[in-house]
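Undergrad: I'd like to ask some things about the structure below.
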Amino acid sequence: MTSNHQGLCEELFEIGSIQRLNEVLALNKDYKTRYPFPHMVHDGLFPPNILAAVDREIPDNPNAVNGCVTNSSIGAVTRGLFSSLKSSRFINFLQELTRIPDILPDPQYFGAGIQQTLPGGFLHIHADFNRYPRYKWFRRVNNVVIFLNPNWDDNYGGHLELWDREVKDCAAMIRPSMGRLVVFSSTDFSYHGHPEPLQATATRSRRSLALYHYSMSRPKEECVEQNCESDHSTLWQTPKCSSCLDPTCRKFNHIV
């Protein structure tokens with residue numbers, strides 16, 4: 001192992017250090033009560049050298065395909081970063097943050113992995129599938145997302161939007177900045193997306209890493225008609241306004 005690789009391994013381990021994760025918890029004590037559903041946005045957890053290595057493994061490729069990259073195509077450092085998000089320390093952090101007990105990491109990147117959106121691409125507002133088909137686990141912690149977009153221009157769009165249960169309040173617009181961590185709890189009503197076509201230049205794309213976490217049960221108030229036993233796929237929604245920035249629906253002071 002070269003000294004460079006050894007240094008990266010040490011930095012990957014440090015991501016899950018108790019001190020680092022406790023600092024994030026201290027800044028997000030109100031996670032459960034945030035509007036429109038429990039969520040957090042945090043910058044600075046991931047070391048710059050790790051982000052730079054992942055950036056090299058996932059180039060800003062205008063010839064890539066929109067959507068998720070399969071497990072077999074994930075580079076070594078990126079795979080190490082995913083592993084840190086499945087570690088017992090990170091799972092314990094998620095349990096303390098969300099107050100959801102017995103969280104299970106996804107063993108197979110089902111619907112997750114490397115996500116890349118090219119110019120013109122978008123993702124309609126939605127709540128995600130509710131069950132892991134193979135294991136029948138309930139999806140509970142949605143989109144543990146790391147964004148990978150240095151020097152992102154707000155004119156490109158691609159902001160993650162969070163909408164309320166009635167899809168009438170756009171409560172947050174989150175810039176997909178380099179190294180930014182976003183976590184939110186998944187219910188049948190945690191509506192999110194980036195519905196406007198991406199306006200990035202031809203050499204840029206919106207890149208992120210996404211990982212989902214599960215549990216063996218969930219409260220009935222998180223489910224449509226309080227029925228948690230029926231499986232469903234993505235629940236697409238049409239917001240009351242055509243844009244999150246429409247004054248009728250905008251419920252935030254500034255883009256995060």
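Naming works like this for the structure tokens: A, B, ... for the chains as they're shown, residue 1 at the start of each chain, ligands 1 onward in shown order.
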If we count only C-alpha atoms, what is near Trp163 in chain A at a cut-off of 7 Å, once residues fewer than 4 positions away on the same chain are taken out, given as a PyMOL selection string?

TA: chain A and resi 36+167+169-171+191-192

Undergrad: Give me, as JSON, numbers by chain, all polymer residues having an atom no more than 12 Å from Val24 in chain A, counting only C-alpha atoms and skipping those fewer than 3 positions away in the same chain.

TA: {"A": [15, 16, 17, 18, 19, 20, 21, 27, 28, 29, 30, 31, 40, 41, 42, 43, 44, 45, 46, 90, 93, 94, 96, 97, 181, 182, 183]}

Undergrad: I need the residues from that last selection saved to file as a JSON list (two decimals), in the first residue's frame (with N, CA, C and O atoms), if you can.

TA:
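result.json was written with the following content:
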```json
[["chain", "number", "residue", "atom", "x", "y", "z"],
["A", 15, "ILE", "N", -13.71, 9.81, 9.21],
["A", 15, "ILE", "CA", -15.07, 10.29, 8.93],
["A", 15, "ILE", "C", -16.03, 9.77, 9.99],
["A", 15, "ILE", "O", -16.93, 10.49, 10.44],
["A", 16, "GLY", "N", -15.82, 8.52, 10.40],
["A", 16, "GLY", "CA", -16.70, 7.91, 11.39],
["A", 16, "GLY", "C", -16.23, 8.08, 12.81],
["A", 16, "GLY", "O", -16.72, 7.36, 13.69],
["A", 17, "SER", "N", -15.32, 9.00, 13.07],
["A", 17, "SER", "CA", -14.85, 9.17, 14.43],
["A", 17, "SER", "C", -15.98, 9.71, 15.31],
["A", 17, "SER", "O", -16.83, 10.49, 14.87],
["A", 18, "ILE", "N", -15.99, 9.27, 16.55],
["A", 18, "ILE", "CA", -17.04, 9.68, 17.47],
["A", 18, "ILE", "C", -17.06, 11.19, 17.65],
["A", 18, "ILE", "O", -18.13, 11.82, 17.70],
["A", 19, "GLN", "N", -15.87, 11.79, 17.71],
["A", 19, "GLN", "CA", -15.81, 13.24, 17.89],
["A", 19, "GLN", "C", -16.46, 13.98, 16.74],
["A", 19, "GLN", "O", -17.27, 14.89, 16.94],
["A", 20, "ARG", "N", -16.12, 13.59, 15.49],
["A", 20, "ARG", "CA", -16.71, 14.25, 14.32],
["A", 20, "ARG", "C", -18.23, 14.12, 14.30],
["A", 20, "ARG", "O", -18.96, 15.09, 14.07],
["A", 21, "LEU", "N", -18.71, 12.90, 14.53],
["A", 21, "LEU", "CA", -20.15, 12.66, 14.46],
["A", 21, "LEU", "C", -20.89, 13.33, 15.61],
["A", 21, "LEU", "O", -22.02, 13.81, 15.43],
["A", 27, "LEU", "N", -25.10, 20.00, 16.40],
["A", 27, "LEU", "CA", -25.63, 21.07, 15.55],
["A", 27, "LEU", "C", -27.03, 20.74, 15.03],
["A", 27, "LEU", "O", -27.66, 21.59, 14.39],
["A", 28, "ASN", "N", -27.51, 19.53, 15.29],
["A", 28, "ASN", "CA", -28.78, 19.10, 14.71],
["A", 28, "ASN", "C", -29.71, 18.47, 15.75],
["A", 28, "ASN", "O", -30.43, 17.51, 15.48],
["A", 29, "LYS", "N", -29.72, 19.05, 16.95],
["A", 29, "LYS", "CA", -30.57, 18.54, 18.02],
["A", 29, "LYS", "C", -32.05, 18.68, 17.70],
["A", 29, "LYS", "O", -32.89, 17.95, 18.26],
["A", 30, "ASP", "N", -32.39, 19.62, 16.80],
["A", 30, "ASP", "CA", -33.80, 19.83, 16.44],
["A", 30, "ASP", "C", -34.19, 19.08, 15.17],
["A", 30, "ASP", "O", -35.22, 19.39, 14.55],
["A", 31, "TYR", "N", -33.41, 18.09, 14.78],
["A", 31, "TYR", "CA", -33.66, 17.34, 13.55],
["A", 31, "TYR", "C", -35.11, 16.89, 13.43],
["A", 31, "TYR", "O", -35.76, 17.09, 12.40],
["A", 40, "MET", "N", -31.48, 17.22, 7.84],
["A", 40, "MET", "CA", -30.29, 17.99, 8.21],
["A", 40, "MET", "C", -29.43, 18.23, 6.99],
["A", 40, "MET", "O", -29.42, 17.44, 6.03],
["A", 41, "VAL", "N", -28.68, 19.34, 7.02],
["A", 41, "VAL", "CA", -27.71, 19.68, 5.98],
["A", 41, "VAL", "C", -26.42, 20.05, 6.71],
["A", 41, "VAL", "O", -26.44, 20.87, 7.62],
["A", 42, "HIS", "N", -25.32, 19.42, 6.32],
["A", 42, "HIS", "CA", -24.07, 19.68, 7.02],
["A", 42, "HIS", "C", -22.90, 19.72, 6.04],
["A", 42, "HIS", "O", -22.78, 18.87, 5.17],
["A", 43, "ASP", "N", -22.05, 20.71, 6.21],
["A", 43, "ASP", "CA", -20.82, 20.84, 5.42],
["A", 43, "ASP", "C", -19.62, 20.57, 6.32],
["A", 43, "ASP", "O", -19.61, 20.94, 7.49],
["A", 44, "GLY", "N", -18.59, 19.93, 5.75],
["A", 44, "GLY", "CA", -17.33, 19.80, 6.46],
["A", 44, "GLY", "C", -17.05, 18.46, 7.10],
["A", 44, "GLY", "O", -15.99, 18.30, 7.72],
["A", 45, "LEU", "N", -17.95, 17.49, 6.99],
["A", 45, "LEU", "CA", -17.69, 16.19, 7.61],
["A", 45, "LEU", "C", -16.60, 15.43, 6.86],
["A", 45, "LEU", "O", -15.80, 14.72, 7.47],
["A", 46, "PHE", "N", -16.56, 15.57, 5.55],
["A", 46, "PHE", "CA", -15.69, 14.74, 4.73],
["A", 46, "PHE", "C", -14.39, 15.47, 4.39],
["A", 46, "PHE", "O", -14.41, 16.60, 3.91],
["A", 90, "PHE", "N", -21.43, 4.97, 12.06],
["A", 90, "PHE", "CA", -22.34, 5.86, 11.33],
["A", 90, "PHE", "C", -23.80, 5.45, 11.57],
["A", 90, "PHE", "O", -24.68, 6.31, 11.67],
["A", 93, "PHE", "N", -24.78, 6.84, 14.78],
["A", 93, "PHE", "CA", -25.02, 8.28, 14.59],
["A", 93, "PHE", "C", -26.42, 8.52, 14.02],
["A", 93, "PHE", "O", -27.16, 9.39, 14.51],
["A", 94, "LEU", "N", -26.79, 7.77, 12.99],
["A", 94, "LEU", "CA", -28.12, 7.93, 12.38],
["A", 94, "LEU", "C", -29.23, 7.63, 13.38],
["A", 94, "LEU", "O", -30.25, 8.31, 13.42],
["A", 96, "GLU", "N", -29.12, 7.95, 16.62],
["A", 96, "GLU", "CA", -29.22, 9.04, 17.59],
["A", 96, "GLU", "C", -29.83, 10.29, 16.95],
["A", 96, "GLU", "O", -30.65, 10.97, 17.55],
["A", 97, "LEU", "N", -29.44, 10.58, 15.71],
["A", 97, "LEU", "CA", -29.96, 11.74, 15.00],
["A", 97, "LEU", "C", -31.46, 11.63, 14.78],
["A", 97, "LEU", "O", -32.22, 12.57, 15.07],
["A", 181, "LEU", "N", -23.42, 17.06, 3.07],
["A", 181, "LEU", "CA", -24.17, 15.88, 3.52],
["A", 181, "LEU", "C", -25.61, 16.28, 3.81],
["A", 181, "LEU", "O", -25.85, 17.23, 4.55],
["A", 182, "VAL", "N", -26.55, 15.55, 3.24],
["A", 182, "VAL", "CA", -27.97, 15.74, 3.51],
["A", 182, "VAL", "C", -28.55, 14.41, 3.99],
["A", 182, "VAL", "O", -28.31, 13.37, 3.38],
["A", 183, "VAL", "N", -29.27, 14.47, 5.09],
["A", 183, "VAL", "CA", -29.95, 13.29, 5.62],
["A", 183, "VAL", "C", -31.40, 13.67, 5.88],
["A", 183, "VAL", "O", -31.66, 14.76, 6.41]]
```

Undergrad: To test your reading of the structure, identify every residue in range 40-184 of chain A that backbone DSSP assigns to strand (DSSP E or B), and report it as a PyMOL selection string.

TA: chain A and resi 40-42+67-69+104-105+113-117+123-127+131-132+137-147+160-163+170-174+181-184

Undergrad: List every residue of range 23-183 of chain A that DSSP, applied to the backbone of this structure, assigns to helix (DSSP H, G or I), and report them as a ChimeraX atom specification.

TA: /A:23-27,31-33,48-57,71-73,76-85,88-98,154-156

Undergrad: Kindly indicate which residue among A:Ile255, A:Glu14, A:Pro133, A:Thr248 lies nearest to Arg175 in chain A, using only C-alpha atoms for the distances.

TA: A:Ile255

Undergrad: So what do you get for CA of His159 in chain A versus CA of Val144 in chain A, distance-wise?

TA: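 Going from CA of His159 in chain A over to CA of Val144 in chain A covers 15.6 Å.
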
Undergrad: Would you mind listing what lies within 7 Å of His124 in chain A as a list in words, with only C-alpha atoms counted and same-chain residues fewer than 4 positions away left out?

TA: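 My list of contacting residues is Gly193, His194, Pro195 and Trp236 of chain A.
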
Undergrad: Compile the contact shell of Lys136 in chain A as a PDB file with N, CA and C atoms, in the first residue's frame: residues with an atom at most 12 Å away, counting only C-alpha atoms, same-chain residues fewer than 2 positions apart removed.

TA:
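This went into result-v1.pdb:
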```pdb
ATOM      1  N   LEU A 104     -30.933  -0.533   9.660  1.00  0.00           N
ATOM      2  CA  LEU A 104     -30.209  -1.526   8.865  1.00  0.00           C
ATOM      3  C   LEU A 104     -29.640  -0.866   7.613  1.00  0.00           C
ATOM      4  N   ASP A 106     -28.207  -0.708   3.753  1.00  0.00           N
ATOM      5  CA  ASP A 106     -28.514  -1.421   2.515  1.00  0.00           C
ATOM      6  C   ASP A 106     -27.287  -2.236   2.087  1.00  0.00           C
ATOM      7  N   PHE A 129     -40.096   4.691  -2.822  1.00  0.00           N
ATOM      8  CA  PHE A 129     -40.600   3.352  -2.513  1.00  0.00           C
ATOM      9  C   PHE A 129     -40.458   3.080  -1.015  1.00  0.00           C
ATOM     10  N   ASN A 130     -41.339   2.267  -0.480  1.00  0.00           N
ATOM     11  CA  ASN A 130     -41.394   2.102   0.984  1.00  0.00           C
ATOM     12  C   ASN A 130     -40.805   0.808   1.507  1.00  0.00           C
ATOM     13  N   ARG A 131     -40.526  -0.172   0.641  1.00  0.00           N
ATOM     14  CA  ARG A 131     -40.031  -1.462   1.126  1.00  0.00           C
ATOM     15  C   ARG A 131     -38.846  -1.929   0.281  1.00  0.00           C
ATOM     16  N   TYR A 132     -37.925  -2.610   0.922  1.00  0.00           N
ATOM     17  CA  TYR A 132     -36.835  -3.278   0.221  1.00  0.00           C
ATOM     18  C   TYR A 132     -37.388  -4.610  -0.272  1.00  0.00           C
ATOM     19  N   PRO A 133     -37.586  -4.790  -1.579  1.00  0.00           N
ATOM     20  CA  PRO A 133     -38.307  -5.977  -2.063  1.00  0.00           C
ATOM     21  C   PRO A 133     -37.714  -7.308  -1.605  1.00  0.00           C
ATOM     22  N   ARG A 134     -36.402  -7.401  -1.600  1.00  0.00           N
ATOM     23  CA  ARG A 134     -35.774  -8.694  -1.280  1.00  0.00           C
ATOM     24  C   ARG A 134     -35.969  -9.093   0.175  1.00  0.00           C
ATOM     25  N   PHE A 138     -38.491  -1.943   5.865  1.00  0.00           N
ATOM     26  CA  PHE A 138     -39.121  -0.645   5.650  1.00  0.00           C
ATOM     27  C   PHE A 138     -38.040   0.418   5.471  1.00  0.00           C
ATOM     28  N   ARG A 139     -38.216   1.247   4.445  1.00  0.00           N
ATOM     29  CA  ARG A 139     -37.264   2.329   4.216  1.00  0.00           C
ATOM     30  C   ARG A 139     -37.522   3.440   5.220  1.00  0.00           C
ATOM     31  N   TYR A 214     -32.709   1.226   6.468  1.00  0.00           N
ATOM     32  CA  TYR A 214     -34.007   0.586   6.661  1.00  0.00           C
ATOM     33  C   TYR A 214     -34.223   0.170   8.115  1.00  0.00           C
ATOM     34  N   SER A 215     -35.429  -0.338   8.390  1.00  0.00           N
ATOM     35  CA  SER A 215     -35.729  -0.960   9.682  1.00  0.00           C
ATOM     36  C   SER A 215     -36.768  -2.051   9.457  1.00  0.00           C
ATOM     37  N   MET A 216     -37.032  -2.819  10.503  1.00  0.00           N
ATOM     38  CA  MET A 216     -37.962  -3.941  10.390  1.00  0.00           C
ATOM     39  C   MET A 216     -39.419  -3.520  10.563  1.00  0.00           C
ATOM     40  N   SER A 217     -39.646  -2.314  11.031  1.00  0.00           N
ATOM     41  CA  SER A 217     -41.021  -1.846  11.237  1.00  0.00           C
ATOM     42  C   SER A 217     -41.050  -0.335  11.107  1.00  0.00           C
ATOM     43  N   ARG A 218     -42.259   0.241  11.096  1.00  0.00           N
ATOM     44  CA  ARG A 218     -42.383   1.697  11.055  1.00  0.00           C
ATOM     45  C   ARG A 218     -43.720   2.113  11.646  1.00  0.00           C
ATOM     46  N   CYS A 228     -49.122   0.352   6.524  1.00  0.00           N
ATOM     47  CA  CYS A 228     -47.694   0.163   6.268  1.00  0.00           C
ATOM     48  C   CYS A 228     -47.367  -1.203   5.662  1.00  0.00           C
ATOM     49  N   GLU A 229     -48.353  -2.028   5.465  1.00  0.00           N
ATOM     50  CA  GLU A 229     -48.098  -3.389   4.996  1.00  0.00           C
ATOM     51  C   GLU A 229     -48.109  -3.504   3.486  1.00  0.00           C
ATOM     52  N   SER A 230     -48.711  -2.531   2.803  1.00  0.00           N
ATOM     53  CA  SER A 230     -48.771  -2.592   1.342  1.00  0.00           C
ATOM     54  C   SER A 230     -47.514  -1.959   0.739  1.00  0.00           C
ATOM     55  N   ASP A 231     -46.882  -2.675  -0.170  1.00  0.00           N
ATOM     56  CA  ASP A 231     -45.706  -2.134  -0.854  1.00  0.00           C
ATOM     57  C   ASP A 231     -46.149  -1.103  -1.891  1.00  0.00           C
ATOM     58  N   HIS A 232     -45.338  -0.077  -2.074  1.00  0.00           N
ATOM     59  CA  HIS A 232     -45.585   0.851  -3.180  1.00  0.00           C
ATOM     60  C   HIS A 232     -44.261   1.319  -3.759  1.00  0.00           C
TER      61      HIS A 232
END
```

Undergrad: What does the distance from CA of Asp188 in chain A to CA of Ser84 in chain A come to in Å, to one decimal?

TA: 27.4 Å

Undergrad: Between CA of Glu11 in chain A and CA of Thr78 in chain A, what is the distance, to one decimal in Å?

TA: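 Computing it gives 12.7 Å between the two atoms.
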
Undergrad: Tell me, as a PyMOL selection string, which residues lie within 9 Å of range 55-57 of chain A, counting only C-alpha atoms; anything in the same chain fewer than 6 positions away does not count.

TA: chain A and resi 74-78+148-149

Undergrad: I'd like the contact shell of Ala210 in chain A - 6 Å cut-off, only C-alpha atoms, skipping same-chain residues fewer than 5 positions apart - returned as a VMD selection string.

TA: chain A and resid 112 to 113 143 to 145

Undergrad: May I have the selected residues written with all heavy atoms, as a PDB file, in the first residue's frame?

TA:
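What landed in part_36.pdb:
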```pdb
ATOM      1  N   ALA A 112     -29.759   2.971  -5.092  1.00  0.00           N
ATOM      2  CA  ALA A 112     -28.819   3.963  -4.587  1.00  0.00           C
ATOM      3  C   ALA A 112     -27.504   3.843  -5.353  1.00  0.00           C
ATOM      4  O   ALA A 112     -27.422   3.217  -6.400  1.00  0.00           O
ATOM      5  CB  ALA A 112     -28.612   3.758  -3.089  1.00  0.00           C
ATOM      6  N   GLY A 113     -26.451   4.465  -4.809  1.00  0.00           N
ATOM      7  CA  GLY A 113     -25.149   4.420  -5.458  1.00  0.00           C
ATOM      8  C   GLY A 113     -24.730   5.797  -5.933  1.00  0.00           C
ATOM      9  O   GLY A 113     -25.021   6.811  -5.301  1.00  0.00           O
ATOM     10  N   ASN A 143     -32.049   8.873   1.442  1.00  0.00           N
ATOM     11  CA  ASN A 143     -31.098   9.782   0.835  1.00  0.00           C
ATOM     12  C   ASN A 143     -30.087  10.342   1.818  1.00  0.00           C
ATOM     13  O   ASN A 143     -30.042  11.546   2.065  1.00  0.00           O
ATOM     14  CB  ASN A 143     -31.836  10.941   0.142  1.00  0.00           C
ATOM     15  CG  ASN A 143     -32.417  10.524  -1.191  1.00  0.00           C
ATOM     16  OD1 ASN A 143     -32.611   9.340  -1.435  1.00  0.00           O
ATOM     17  ND2 ASN A 143     -32.688  11.477  -2.053  1.00  0.00           N
ATOM     18  N   VAL A 144     -29.302   9.446   2.400  1.00  0.00           N
ATOM     19  CA  VAL A 144     -28.064   9.925   3.006  1.00  0.00           C
ATOM     20  C   VAL A 144     -27.210  10.300   1.802  1.00  0.00           C
ATOM     21  O   VAL A 144     -26.632   9.440   1.138  1.00  0.00           O
ATOM     22  CB  VAL A 144     -27.395   8.838   3.867  1.00  0.00           C
ATOM     23  CG1 VAL A 144     -26.037   9.302   4.345  1.00  0.00           C
ATOM     24  CG2 VAL A 144     -28.276   8.497   5.054  1.00  0.00           C
ATOM     25  N   VAL A 145     -27.217  11.588   1.470  1.00  0.00           N
ATOM     26  CA  VAL A 145     -26.656  12.068   0.210  1.00  0.00           C
ATOM     27  C   VAL A 145     -25.390  12.866   0.467  1.00  0.00           C
ATOM     28  O   VAL A 145     -25.336  13.680   1.382  1.00  0.00           O
ATOM     29  CB  VAL A 145     -27.674  12.968  -0.532  1.00  0.00           C
ATOM     30  CG1 VAL A 145     -27.036  13.648  -1.738  1.00  0.00           C
ATOM     31  CG2 VAL A 145     -28.870  12.153  -0.972  1.00  0.00           C
TER      32      VAL A 145
END
```

Undergrad: Could you give me, as a list of chain:residue names, the residues within 12 Å of Arg250 in chain A, counting only C-alpha atoms and dropping anything in the same chain fewer than 4 positions from it?

TA: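 Answer for this query is A:Glu161, A:Leu162, A:Trp163, A:Asp164, A:Val167, A:Lys168, A:Asp169, A:Cys170, A:Ala171, A:Ala172, A:Met173, A:Pro239, A:Lys240, A:Cys241, A:Ser242, A:Ser243, A:Cys244, A:Leu245, A:Asp246, A:His254, A:Ile255.
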
Undergrad: Using the selection just defined, write its residues with N, CA, C and O atoms as a compact mmCIF listing (two decimals), in the first residue's frame.

TA:
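That gives us again15.txt:
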```txt
# COMPACT_ATOMS: atom_id res chain seq x y z
N GLU A 161 -35.21 20.17 -3.45
CA GLU A 161 -36.37 20.86 -2.88
C GLU A 161 -37.09 19.93 -1.89
O GLU A 161 -37.27 18.75 -2.18
N LEU A 162 -37.50 20.49 -0.76
CA LEU A 162 -38.28 19.75 0.23
C LEU A 162 -39.65 20.39 0.33
O LEU A 162 -39.76 21.59 0.60
N TRP A 163 -40.71 19.58 0.13
CA TRP A 163 -42.08 20.09 0.11
C TRP A 163 -42.88 19.48 1.27
O TRP A 163 -42.59 18.38 1.73
N ASP A 164 -43.92 20.20 1.66
CA ASP A 164 -44.75 19.74 2.78
C ASP A 164 -45.71 18.64 2.33
O ASP A 164 -45.77 18.26 1.16
N VAL A 167 -48.03 19.36 -0.46
CA VAL A 167 -47.27 19.81 -1.64
C VAL A 167 -47.66 21.23 -2.03
O VAL A 167 -47.75 21.57 -3.21
N LYS A 168 -47.87 22.07 -1.02
CA LYS A 168 -48.19 23.48 -1.28
C LYS A 168 -47.12 24.42 -0.73
O LYS A 168 -47.05 25.59 -1.13
N ASP A 169 -46.28 23.93 0.19
CA ASP A 169 -45.19 24.72 0.74
C ASP A 169 -43.86 24.13 0.32
O ASP A 169 -43.56 22.96 0.62
N CYS A 170 -43.06 24.94 -0.39
CA CYS A 170 -41.67 24.54 -0.65
C CYS A 170 -40.86 25.10 0.51
O CYS A 170 -40.63 26.30 0.61
N ALA A 171 -40.45 24.21 1.41
CA ALA A 171 -39.86 24.64 2.68
C ALA A 171 -38.36 24.81 2.62
O ALA A 171 -37.78 25.46 3.50
N ALA A 172 -37.70 24.24 1.61
CA ALA A 172 -36.24 24.37 1.53
C ALA A 172 -35.76 24.14 0.11
O ALA A 172 -36.32 23.31 -0.62
N MET A 173 -34.72 24.89 -0.26
CA MET A 173 -33.96 24.63 -1.48
C MET A 173 -32.50 24.46 -1.05
O MET A 173 -31.92 25.37 -0.46
N PRO A 239 -46.78 19.63 -7.39
CA PRO A 239 -46.90 20.73 -6.43
C PRO A 239 -47.96 21.74 -6.85
O PRO A 239 -48.33 21.83 -8.03
N LYS A 240 -48.44 22.49 -5.86
CA LYS A 240 -49.47 23.49 -6.13
C LYS A 240 -48.94 24.66 -6.94
O LYS A 240 -49.71 25.41 -7.54
N CYS A 241 -47.62 24.86 -6.93
CA CYS A 241 -46.99 25.92 -7.72
C CYS A 241 -46.05 25.29 -8.74
O CYS A 241 -45.49 24.22 -8.51
N SER A 242 -45.86 25.96 -9.85
CA SER A 242 -44.98 25.44 -10.90
C SER A 242 -43.52 25.58 -10.54
O SER A 242 -42.66 24.94 -11.14
N SER A 243 -43.21 26.41 -9.52
CA SER A 243 -41.83 26.62 -9.11
C SER A 243 -41.75 26.78 -7.60
O SER A 243 -42.63 27.38 -6.98
N CYS A 244 -40.68 26.26 -7.04
CA CYS A 244 -40.42 26.42 -5.60
C CYS A 244 -40.26 27.89 -5.24
O CYS A 244 -40.52 28.30 -4.11
N LEU A 245 -39.83 28.71 -6.20
CA LEU A 245 -39.58 30.13 -5.96
C LEU A 245 -40.83 30.99 -6.12
O LEU A 245 -40.79 32.19 -5.87
N ASP A 246 -41.93 30.38 -6.53
CA ASP A 246 -43.20 31.12 -6.61
C ASP A 246 -43.55 31.64 -5.21
O ASP A 246 -43.60 30.86 -4.25
N HIS A 254 -33.80 31.86 2.29
CA HIS A 254 -32.69 31.84 1.35
C HIS A 254 -32.34 30.41 1.01
O HIS A 254 -32.66 29.47 1.74
N ILE A 255 -31.67 30.23 -0.12
CA ILE A 255 -31.19 28.91 -0.52
C ILE A 255 -30.07 28.50 0.43
O ILE A 255 -29.17 29.27 0.74
```
